[in-house]
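Dropping coords-v4.pdb in here (PDB, C-alpha atoms):
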ATOM      1  CA  MET B   1       4.287 -16.105  21.043
ATOM      2  CA  LYS B   2       7.163 -17.995  19.508
ATOM      3  CA  THR B   3      10.743 -17.177  20.408
ATOM      4  CA  ARG B   4      12.352 -14.302  18.593
ATOM      5  CA  PRO B   5      15.857 -14.302  17.148
ATOM      6  CA  LEU B   6      18.386 -12.146  18.958
ATOM      7  CA  ILE B   7      18.383  -9.120  16.678
ATOM      8  CA  PRO B   8      15.932  -7.639  14.148
ATOM      9  CA  LEU B   9      16.653  -7.761  10.441
ATOM     10  CA  LEU B  10      17.430  -4.131   9.718
ATOM     11  CA  PRO B  11      20.838  -3.523  11.434
ATOM     12  CA  PRO B  12      22.681  -6.508   9.900
ATOM     13  CA  VAL B  13      21.272  -5.665   6.465
ATOM     14  CA  LEU B  14      22.403  -2.050   6.822
ATOM     15  CA  LEU B  15      25.850  -3.217   7.924
ATOM     16  CA  ALA B  16      26.094  -5.514   4.893
ATOM     17  CA  VAL B  17      25.025  -2.665   2.597
ATOM     18  CA  TRP B  18      27.644  -0.371   4.140
ATOM     19  CA  LEU B  19      30.432  -2.925   3.702
ATOM     20  CA  LEU B  20      29.371  -3.608   0.119
ATOM     21  CA  LEU B  21      29.234   0.114  -0.662
ATOM     22  CA  ASN B  22      32.755   0.584   0.606
ATOM     23  CA  ASP B  23      33.887  -2.695  -0.922
ATOM     24  CA  SER B  24      36.050  -3.524   2.096
ATOM     25  CA  LEU B  25      36.132  -5.682   5.204
ATOM     26  CA  ALA B  26      38.617  -3.535   7.131
ATOM     27  CA  PRO B  27      37.975  -3.452  10.915
ATOM     28  CA  GLY B  28      37.529   0.331  10.767
ATOM     29  CA  GLN B  29      34.777   0.047   8.160
ATOM     30  CA  ILE B  30      33.055  -2.685  10.176
ATOM     31  CA  ALA B  31      33.103  -0.481  13.300
ATOM     32  CA  LEU B  32      31.793   2.510  11.332
ATOM     33  CA  GLY B  33      29.128   0.327   9.755
ATOM     34  CA  VAL B  34      27.955  -0.957  13.134
ATOM     35  CA  VAL B  35      27.673   2.620  14.391
ATOM     36  CA  PHE B  36      25.719   3.777  11.324
ATOM     37  CA  ALA B  37      23.472   0.712  11.336
ATOM     38  CA  SER B  38      22.526   1.256  14.977
ATOM     39  CA  LEU B  39      21.943   4.981  14.442
ATOM     40  CA  VAL B  40      19.707   4.437  11.419
ATOM     41  CA  THR B  41      17.803   1.633  13.154
ATOM     42  CA  TRP B  42      17.216   3.893  16.126
ATOM     43  CA  ALA B  43      16.058   6.791  13.921
ATOM     44  CA  VAL B  44      13.762   4.612  11.813
ATOM     45  CA  ALA B  45      12.139   3.004  14.864
ATOM     46  CA  ARG B  46       9.997   6.117  15.290
ATOM     47  CA  LEU B  47       8.804   6.058  11.690
ATOM     48  CA  ARG B  48       8.091   2.360  11.667
ATOM     49  CA  PRO B  49       7.554   0.985  15.161
ATOM     50  CA  LEU B  50       7.074  -2.623  14.022
ATOM     51  CA  PRO B  51      10.509  -4.100  13.190
ATOM     52  CA  ALA B  52      10.859  -7.058  10.848
ATOM     53  CA  TRP B  53      11.838 -10.015  12.973
ATOM     54  CA  PRO B  54      12.061 -13.042  10.707
ATOM     55  CA  ARG B  55      12.014 -16.378  12.491
ATOM     56  CA  LYS B  56      13.494 -18.769   9.986
ATOM     57  CA  LEU B  57      15.809 -16.620   7.905
ATOM     58  CA  TYR B  58      17.585 -19.599   6.323
ATOM     59  CA  LEU B  59      14.442 -20.277   4.306
ATOM     60  CA  VAL B  60      15.135 -17.038   2.420
ATOM     61  CA  PHE B  61      17.836 -18.772   0.365
ATOM     62  CA  GLY B  62      15.478 -21.427  -0.974
ATOM     63  CA  LEU B  63      12.850 -18.798  -1.692
ATOM     64  CA  SER B  64      15.293 -16.512  -3.528
ATOM     65  CA  LEU B  65      16.454 -19.398  -5.681
ATOM     66  CA  ARG B  66      12.860 -20.228  -6.504
ATOM     67  CA  VAL B  67      12.085 -16.576  -7.346
ATOM     68  CA  LEU B  68      15.180 -16.433  -9.560
ATOM     69  CA  VAL B  69      14.032 -19.491 -11.502
ATOM     70  CA  ASP B  70      10.546 -18.018 -11.823
ATOM     71  CA  ILE B  71      11.922 -14.677 -13.045
ATOM     72  CA  VAL B  72      13.908 -16.412 -15.794
ATOM     73  CA  ARG B  73      10.916 -18.540 -16.698
ATOM     74  CA  SER B  74       8.442 -15.668 -16.825
ATOM     75  CA  ASN B  75      10.893 -13.521 -18.798
ATOM     76  CA  ILE B  76      10.782 -16.203 -21.454
ATOM     77  CA  GLY B  77       6.977 -16.330 -21.172
ATOM     78  CA  VAL B  78       6.514 -12.575 -21.520
ATOM     79  CA  GLY B  79       9.048 -12.475 -24.365
ATOM     80  CA  ARG B  80       6.990 -15.076 -26.186
ATOM     81  CA  VAL B  81       3.798 -13.115 -25.659
ATOM     82  CA  ILE B  82       5.436  -9.954 -27.035
ATOM     83  CA  LEU B  83       6.797 -11.723 -30.101
ATOM     84  CA  GLY B  84       3.429 -13.334 -30.742
ATOM     85  CA  ALA B  85       1.470 -10.129 -30.177
ATOM     86  CA  SER B  86       0.902  -9.449 -33.870
ATOM     87  CA  ARG B  87      -0.995 -12.721 -34.225
ATOM     88  CA  ARG B  88      -2.701 -12.806 -30.852
ATOM     89  CA  GLN B  89      -3.024 -10.106 -28.210
ATOM     90  CA  PRO B  90      -2.621 -11.603 -24.709
ATOM     91  CA  LEU B  91      -5.628 -12.131 -22.510
ATOM     92  CA  VAL B  92      -5.006  -9.621 -19.725
ATOM     93  CA  GLY B  93      -7.108  -9.650 -16.612
ATOM     94  CA  PHE B  94      -7.469  -9.294 -12.887
ATOM     95  CA  MET B  95      -7.912 -12.185 -10.518
ATOM     96  CA  GLN B  96      -8.723 -12.463  -6.834
ATOM     97  CA  ILE B  97      -6.646 -14.667  -4.577
ATOM     98  CA  PRO B  98      -7.576 -15.224  -0.923
ATOM     99  CA  LEU B  99      -4.470 -15.137   1.278
ATOM    100  CA  ASP B 100      -3.761 -16.653   4.681
ATOM    101  CA  MET B 101      -0.760 -14.523   5.545
ATOM    102  CA  ARG B 102      -1.316 -11.514   7.825
ATOM    103  CA  ASP B 103       2.205 -10.371   8.641
ATOM    104  CA  PRO B 104       2.806  -6.962   6.985
ATOM    105  CA  HIS B 105       6.459  -7.731   6.166
ATOM    106  CA  GLY B 106       5.502 -11.025   4.573
ATOM    107  CA  LEU B 107       2.844  -9.253   2.513
ATOM    108  CA  ALA B 108       5.352  -6.592   1.462
ATOM    109  CA  MET B 109       7.800  -9.286   0.362
ATOM    110  CA  LEU B 110       5.041 -11.048  -1.546
ATOM    111  CA  ALA B 111       4.169  -7.758  -3.282
ATOM    112  CA  LEU B 112       7.810  -7.255  -4.305
ATOM    113  CA  ILE B 113       8.166 -10.814  -5.582
ATOM    114  CA  VAL B 114       4.918 -10.783  -7.525
ATOM    115  CA  THR B 115       5.488  -7.363  -9.087
ATOM    116  CA  GLY B 116       9.181  -7.979  -9.704
ATOM    117  CA  THR B 117       8.367 -11.043 -11.750
ATOM    118  CA  PRO B 118       7.382 -10.107 -15.318
ATOM    119  CA  GLY B 119       3.820 -10.967 -16.213
ATOM    120  CA  THR B 120       2.195 -10.272 -12.862
ATOM    121  CA  VAL B 121       1.565  -7.037 -10.959
ATOM    122  CA  TRP B 122       0.205  -6.761  -7.443
ATOM    123  CA  SER B 123      -2.732  -4.415  -7.861
ATOM    124  CA  GLY B 124      -4.527  -4.253  -4.576
ATOM    125  CA  HIS B 125      -5.105  -5.917  -1.265
ATOM    126  CA  ASP B 126      -8.161  -5.867   0.935
ATOM    127  CA  PRO B 127      -6.848  -5.920   4.508
ATOM    128  CA  GLU B 128     -10.184  -6.928   6.004
ATOM    129  CA  LYS B 129     -10.975  -9.947   3.879
ATOM    130  CA  ASN B 130      -7.269 -10.515   3.128
ATOM    131  CA  ILE B 131      -7.859 -10.863  -0.583
ATOM    132  CA  LEU B 132      -5.130 -10.026  -3.077
ATOM    133  CA  THR B 133      -6.001  -8.556  -6.471
ATOM    134  CA  LEU B 134      -3.463  -9.682  -9.014
ATOM    135  CA  HIS B 135      -3.094  -8.475 -12.583
ATOM    136  CA  VAL B 136      -1.850 -11.117 -14.996
ATOM    137  CA  LEU B 137      -0.574 -10.546 -18.530
ATOM    138  CA  ASP B 138      -1.628 -13.883 -19.944
ATOM    139  CA  LEU B 139      -4.573 -15.237 -18.023
ATOM    140  CA  GLN B 140      -4.775 -18.743 -19.407
ATOM    141  CA  ASP B 141      -4.942 -20.911 -16.343
ATOM    142  CA  GLU B 142      -6.245 -19.194 -13.233
ATOM    143  CA  ALA B 143      -5.782 -22.225 -10.981
ATOM    144  CA  ALA B 144      -2.094 -22.447 -11.880
ATOM    145  CA  TRP B 145      -1.508 -18.843 -10.795
ATOM    146  CA  ILE B 146      -3.305 -19.417  -7.508
ATOM    147  CA  HIS B 147      -1.166 -22.491  -6.923
ATOM    148  CA  ILE B 148       2.058 -20.558  -7.634
ATOM    149  CA  ILE B 149       1.166 -17.682  -5.318
ATOM    150  CA  LYS B 150      -0.150 -19.819  -2.483
ATOM    151  CA  HIS B 151       2.351 -22.672  -2.496
ATOM    152  CA  ARG B 152       5.525 -21.351  -4.029
ATOM    153  CA  TYR B 153       5.574 -17.928  -2.331
ATOM    154  CA  GLU B 154       3.033 -17.550   0.448
ATOM    155  CA  ARG B 155       3.847 -20.697   2.379
ATOM    156  CA  PRO B 156       7.600 -20.107   2.734
ATOM    157  CA  LEU B 157       6.971 -16.423   3.514
ATOM    158  CA  MET B 158       4.562 -17.428   6.285
ATOM    159  CA  GLU B 159       7.170 -19.793   7.686
ATOM    160  CA  ILE B 160       9.782 -17.042   7.613
ATOM    161  CA  PHE B 161       7.743 -14.234   9.127
ATOM    162  CA  GLU B 162       4.978 -15.762  11.223
TER     163      GLU B 162
ATOM    164  CA  MET T   1      46.359  -2.753 -16.690
ATOM    165  CA  SER T   2      43.796  -0.776 -18.608
ATOM    166  CA  GLY T   3      41.293  -1.137 -21.391
ATOM    167  CA  ALA T   4      39.690  -4.247 -22.844
ATOM    168  CA  ALA T   5      43.094  -5.899 -23.327
ATOM    169  CA  GLY T   6      43.383  -6.426 -19.573
ATOM    170  CA  VAL T   7      40.350  -8.699 -19.390
ATOM    171  CA  PRO T   8      41.261 -12.407 -19.595
ATOM    172  CA  LEU T   9      39.367 -14.544 -22.059
ATOM    173  CA  TRP T  10      37.587 -16.691 -19.461
ATOM    174  CA  ALA T  11      35.862 -13.572 -18.152
ATOM    175  CA  ALA T  12      35.469 -11.718 -21.430
ATOM    176  CA  LEU T  13      33.575 -14.472 -23.256
ATOM    177  CA  PRO T  14      30.776 -15.077 -20.710
ATOM    178  CA  ALA T  15      30.606 -11.350 -20.002
ATOM    179  CA  ALA T  16      30.094 -10.564 -23.684
ATOM    180  CA  PHE T  17      27.456 -13.279 -23.934
ATOM    181  CA  LEU T  18      25.636 -11.948 -20.862
ATOM    182  CA  LEU T  19      25.765  -8.366 -22.174
ATOM    183  CA  VAL T  20      24.230  -9.416 -25.482
ATOM    184  CA  CYS T  21      21.544 -11.422 -23.653
ATOM    185  CA  GLY T  22      20.759  -8.544 -21.308
ATOM    186  CA  GLY T  23      20.558  -6.117 -24.208
ATOM    187  CA  LEU T  24      18.277  -8.386 -26.212
ATOM    188  CA  LEU T  25      15.963  -8.939 -23.249
ATOM    189  CA  THR T  26      15.714  -5.212 -22.597
ATOM    190  CA  VAL T  27      15.033  -4.470 -26.275
ATOM    191  CA  LEU T  28      12.362  -7.170 -26.315
ATOM    192  CA  GLY T  29      10.782  -5.677 -23.207
ATOM    193  CA  SER T  30      10.733  -2.229 -24.791
ATOM    194  CA  LEU T  31       9.351  -3.693 -28.001
ATOM    195  CA  GLY T  32       6.464  -4.922 -25.882
ATOM    196  CA  LEU T  33       5.536  -1.294 -25.248
ATOM    197  CA  LEU T  34       4.984  -0.909 -28.992
ATOM    198  CA  ARG T  35       3.306  -4.191 -29.743
ATOM    199  CA  LEU T  36       0.900  -4.643 -26.851
ATOM    200  CA  LYS T  37      -2.244  -2.643 -27.250
ATOM    201  CA  ASP T  38      -3.308  -1.159 -23.909
ATOM    202  CA  PHE T  39      -1.858   0.033 -20.622
ATOM    203  CA  TYR T  40      -2.699  -3.065 -18.637
ATOM    204  CA  ALA T  41      -0.802  -5.283 -21.054
ATOM    205  CA  ARG T  42       2.064  -2.821 -21.504
ATOM    206  CA  ILE T  43       2.866  -2.507 -17.804
ATOM    207  CA  HIS T  44       4.249  -6.060 -17.855
ATOM    208  CA  ALA T  45       6.700  -5.654 -20.714
ATOM    209  CA  PRO T  46       9.429  -3.349 -19.330
ATOM    210  CA  THR T  47       9.775  -5.539 -16.220
ATOM    211  CA  MET T  48      11.797  -7.850 -18.451
ATOM    212  CA  GLY T  49      14.560  -5.278 -18.837
ATOM    213  CA  GLY T  50      14.301  -4.440 -15.156
ATOM    214  CA  THR T  51      14.832  -8.001 -13.948
ATOM    215  CA  LEU T  52      16.725 -10.408 -16.143
ATOM    216  CA  GLY T  53      18.087  -7.653 -18.406
ATOM    217  CA  THR T  54      19.789  -5.742 -15.598
ATOM    218  CA  GLY T  55      20.691  -9.051 -13.951
ATOM    219  CA  CYS T  56      22.697 -10.160 -16.978
ATOM    220  CA  VAL T  57      24.477  -6.804 -17.255
ATOM    221  CA  LEU T  58      25.330  -6.800 -13.539
ATOM    222  CA  ILE T  59      26.713 -10.351 -13.592
ATOM    223  CA  ALA T  60      28.826  -9.384 -16.601
ATOM    224  CA  SER T  61      30.063  -6.339 -14.688
ATOM    225  CA  MET T  62      30.952  -8.490 -11.658
ATOM    226  CA  LEU T  63      32.823 -10.960 -13.842
ATOM    227  CA  VAL T  64      34.879  -8.327 -15.644
ATOM    228  CA  SER T  65      35.725  -6.224 -12.601
ATOM    229  CA  SER T  66      36.599  -9.312 -10.525
ATOM    230  CA  ALA T  67      38.878 -10.541 -13.288
ATOM    231  CA  VAL T  68      40.587  -7.170 -13.686
ATOM    232  CA  ALA T  69      40.946  -6.554  -9.930
ATOM    233  CA  GLY T  70      42.078 -10.117  -9.240
ATOM    234  CA  ARG T  71      39.678 -10.509  -6.308
ATOM    235  CA  PRO T  72      35.886 -10.915  -6.011
ATOM    236  CA  VAL T  73      34.133  -7.600  -6.653
ATOM    237  CA  ILE T  74      30.481  -7.946  -5.713
ATOM    238  CA  HIS T  75      29.151  -4.522  -4.869
ATOM    239  CA  GLU T  76      26.963  -4.694  -7.984
ATOM    240  CA  LEU T  77      24.700  -6.775  -5.727
ATOM    241  CA  LEU T  78      23.628  -3.477  -4.188
ATOM    242  CA  ILE T  79      22.209  -2.320  -7.530
ATOM    243  CA  THR T  80      20.160  -5.519  -7.659
ATOM    244  CA  LEU T  81      18.922  -4.893  -4.134
ATOM    245  CA  PHE T  82      17.900  -1.311  -4.848
ATOM    246  CA  ILE T  83      16.192  -2.203  -8.133
ATOM    247  CA  MET T  84      14.326  -5.043  -6.446
ATOM    248  CA  LEU T  85      13.166  -2.610  -3.779
ATOM    249  CA  THR T  86      12.222   0.355  -5.965
ATOM    250  CA  SER T  87      10.935  -0.757  -9.364
ATOM    251  CA  PRO T  88       7.991  -2.847  -8.086
ATOM    252  CA  VAL T  89       6.827   0.168  -6.082
ATOM    253  CA  THR T  90       6.658   2.255  -9.262
ATOM    254  CA  ALA T  91       4.800  -0.502 -11.097
ATOM    255  CA  MET T  92       2.288  -0.839  -8.260
ATOM    256  CA  LEU T  93       1.727   2.937  -8.126
ATOM    257  CA  LEU T  94       1.128   3.091 -11.878
ATOM    258  CA  MET T  95      -1.234   0.141 -11.641
ATOM    259  CA  ARG T  96      -3.221   1.654  -8.810
ATOM    260  CA  ALA T  97      -3.418   4.989 -10.637
ATOM    261  CA  ALA T  98      -4.695   3.282 -13.795
ATOM    262  CA  MET T  99      -7.271   1.320 -11.819
ATOM    263  CA  TYR T 100      -8.420   4.483 -10.092
ATOM    264  CA  ARG T 101      -8.793   6.248 -13.433
ATOM    265  CA  SER T 102     -10.719   3.483 -15.115
ATOM    266  CA  ARG T 103     -13.070   2.793 -12.219
ATOM    267  CA  ASP T 104     -16.786   2.983 -12.879
TER     268      ASP T 104
END
As structure tokens - that is how I would like this structure written.
Amino acid sequence: MKTRPLIPLLPPVLLAVWLLLNDSLAPGQIALGVVFASLVTWAVARLRPLPAWPRKLYLVFGLSLRVLVDIVRSNIGVGRVILGASRRQPLVGFMQIPLDMRDPHGLAMLALIVTGTPGTVWSGHDPEKNILTLHVLDLQDEAAWIHIIKHRYERPLMEIFE
Amino acid sequence: MSGAAGVPLWAALPAAFLLVCGGLLTVLGSLGLLRLKDFYARIHAPTMGGTLGTGCVLIASMLVSSAVAGRPVIHELLITLFIMLTSPVTAMLLMRAAMYRSRD
């Protein structure tokens, strides 16, 4: 078991959300936010006993930047497909990608990234064989998609969460 | 200070550009609903408006409100966070429902 960071992810995120909602950094708001964040974390612990405890959180920044670039890029790609749809309907299809990641929070993040990016939708995951079913709008190059999922997203997520 | 006159030019120009971009992207995404022929292709189109479309509008909003307030106003980031958390869940549910319906 590797060493864990001091606190789980949820309370600081809740505190940040509270401060953003109130749009202030006044000491009173910070104190109130800390109280609310701890209360919610305590209440949620019964619903979801496994807290997210990322190990290398700083990697999130690189990953978010990468996802941002990919979102812009795939917006352009999907836009092109839509504009060209009268001449050629896109080749939609499912594909199977074997994953190495087992951490449920990492998988959830991967699902959000993949579905949030236009052109791909997470459409199933077999927990036993750890195979992801992905739906792709324009299935031209299957190997390229596998490379993107495995190297651009899965590897950093595994480093963050496992 | 009130109304559009209170927004300085350095904020108004990029904000206007971003709003037009966001609007165009969202329209293009919705157009995809018309032009693509079946559900599995259509599910990908509106994501455009949900990601880059909203992103452009939110950045424009941050620019204008920061310029008017004279300090950084960034609570639009929360909208991004909530959209990133919720809209993929809807897409995945729709996808799973469609797969369940069209199973052999």
Using all atoms listed in the file, find the residues of chain T whose closest atom to chain B is at most 8 Å away, then write them as JSON, numbers by chain. {"T": [25, 28, 29, 31, 32, 35, 36, 37, 40, 41, 44, 45, 47, 48, 51, 52, 73, 74, 75, 78, 84, 85, 87, 88, 89, 91, 92, 95, 96]}
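Evaluated on this file, the PyMOL selection byres ((chain T and resi 66) around 12) matches Asp23 of chain B; Gly6, Val7, Pro8, Trp10, Ala11, Ala12, Ala15, Leu58, Ile59, Ala60, Ser61, Met62, Leu63, Val64, Ser65, Ala67, Val68, Ala69, Gly70, Arg71, Pro72, Val73, Ile74, His75 and Glu76 of chain T.
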Keeping C-alpha atoms, export the residues of the selection given above as a tab-separated table (two decimals), keeping the file's coordinate frame.
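Just written: part-v4.tsv:
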chain	number	residue	atom	x	y	z
B	23	ASP	CA	33.89	-2.70	-0.92
T	6	GLY	CA	43.38	-6.43	-19.57
T	7	VAL	CA	40.35	-8.70	-19.39
T	8	PRO	CA	41.26	-12.41	-19.60
T	10	TRP	CA	37.59	-16.69	-19.46
T	11	ALA	CA	35.86	-13.57	-18.15
T	12	ALA	CA	35.47	-11.72	-21.43
T	15	ALA	CA	30.61	-11.35	-20.00
T	58	LEU	CA	25.33	-6.80	-13.54
T	59	ILE	CA	26.71	-10.35	-13.59
T	60	ALA	CA	28.83	-9.38	-16.60
T	61	SER	CA	30.06	-6.34	-14.69
T	62	MET	CA	30.95	-8.49	-11.66
T	63	LEU	CA	32.82	-10.96	-13.84
T	64	VAL	CA	34.88	-8.33	-15.64
T	65	SER	CA	35.72	-6.22	-12.60
T	67	ALA	CA	38.88	-10.54	-13.29
T	68	VAL	CA	40.59	-7.17	-13.69
T	69	ALA	CA	40.95	-6.55	-9.93
T	70	GLY	CA	42.08	-10.12	-9.24
T	71	ARG	CA	39.68	-10.51	-6.31
T	72	PRO	CA	35.89	-10.92	-6.01
T	73	VAL	CA	34.13	-7.60	-6.65
T	74	ILE	CA	30.48	-7.95	-5.71
T	75	HIS	CA	29.15	-4.52	-4.87
T	76	GLU	CA	26.96	-4.69	-7.98
**Request:** Run the PyMOL selection byres ((chain B and resi 48-60) around 10) against the file shown and list the residues it catches, as a PyMOL selection string.
**Result:** chain B and resi 2-10+41+43-47+61-66+103-106+156-162
Six-sided padding of 3 Å per side, axis-aligned box over segment 70-76 of chain T, centre and edges in Å, one decimal, as JSON:
{"center_x": 34.5, "center_y": -7.7, "center_z": -7.1, "size_x": 21.1, "size_y": 12.4, "size_z": 10.4}
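For the atom pair formed by atom CA of Glu142 of chain B and atom CA of Val69 of chain B, the distance is 20.4 Å, given to one decimal.
From atom CA of Thr26 of chain T back to atom CA of Arg42 of chain T, the distance works out to 13.9 Å.
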Which residues are close to Ile131 of chain B, i.e. within 8 Å by only C-alpha atoms, leaving aside same-chain residues fewer than 6 positions away? Reply as a list in words.
Gln96, Ile97, Pro98, Leu99 and His125 of chain B
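Put simply, atom CA of Pro46 of chain T is 9.0 Å away from atom CA of Val27 of chain T.
Candidate residues T:Pro14, T:Gly55, T:Gly49, T:Gly22 were compared for distance to Thr80 of chain T, and the nearest is T:Gly55, using all atoms listed in the file.
When only C-alpha atoms are used to measure the gap to Gly23 of chain T, the shortest distance among T:Leu93, T:Ile79, T:Cys56, T:Met99 belongs to T:Cys56.
Each of T:Leu24, T:Ala16, T:Phe39, T:Val57 was compared to Leu77 of chain T using all atoms listed in the file, and T:Val57 turns out to be the nearest.
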